[in-house]
Amino acid sequence: PSIYNTYPTHHLVFQLMSPAASNAIAFVAKDDVHQSLATGDYYLTNGCTDYSFVVEFGKWTRLRMLHVGRQHNAVISIRDGAGNVACKSAMIAKDGVYSSPAGRAIQSKYFFTPSGRADVAIYCSNAGTYILEVESSTFEGRVKLGTFTVAPGIAKDQNTMPEWLPCRPYYLQDLVGSGVGTSTSIFLSEGMINDRLWSGTDADILSTM
C-alpha cells in the first residue's frame, strides 16, 4: 500500500542512564570524563530529559523506536492527559524485521527488550498533548520519556492502517514439519567437539556443517 511510503517518520532513542554503573566503570578505568554527580537512574529520549515533537492530526505517523536499557525489559506506552492509553497503533516491524502482516492493529503499549527496536504507526484523532511513558523493573510505576502534541485539524488518512504481507527471504520460511534426510550428532563440551580438541591448522578437520 502506498501509505507505507508516504507517512511522516520520527526516530526515537530511549536510553536508560545509570550513574552508579557509569561511576563504577569510570573508577576502575581512572576516567574522570564519564563520572556523574546524578544520584539515580533516569531516561534520556534522543539525548534529552524533556523531549517533545509534533504529530499531525488524523495522519498515520511512523515511530521508529530503539530502547537502550541495561538489564530489564520495558513497556513503552502512549497516554493522554488522564493517563489512559491513547491513539491507534499498528505494528510495522520488530528488530528490523517486518511483521506478517505489517499494519495489524495493536494497543499503544509496546514491549522492548533491553536492546530492542520497534516500528509502529500511530493515528491520533483527538487534539492535545500526549505522553510517552515507560514501565520496567528499574523503576516503581511509570516514568515519563517525553511528549508530543497534536493540533486540531482535518483527518488526512483513514483511521485503519491497511495490512500488508511483505515478501520474506527464504531463510524465514516456516520449516516446521520439513523432513530431514540425514543427521549428525555434534557434542560441544569444555572446548571440545565430539571429545576432540583443536590443535592447529595442520590437524584433521573436527567437523563440518
# chains A, B, ... in the order shown; residues from 1 in each chain; ligands from 1
$ residues_around --residues "A:His11" --least-positions-apart "2" --cutoff "12 Å" --atoms "only C-alpha atoms" --output "PyMOL selection string"
chain A and resi 8-9+13-14+45-46+51-53+61-67+117-121
$ select_by_dssp --residues "stretch 56-198 of chain A" --states "strand (DSSP E)" --output "VMD selection string"
chain A and resid 61 to 68 74 to 79 88 to 94 97 to 98 104 to 106 109 to 112 117 to 123 128 to 136 143 to 150 188 to 189 192 to 193
$ atom_distance --atom1 "atom CA of A:Gly141" --atom2 "atom CA of A:Ile92"
27.6 Å
$ closest_residue --among "A:Tyr42, A:Trp164, A:Phe57, A:Phe187" --to "A:Val134" --atoms "only C-alpha atoms"
A:Tyr42
$ atom_distance --atom1 "atom CA of A:Arg142" --atom2 "atom CA of A:Gly128"
20.2 Å
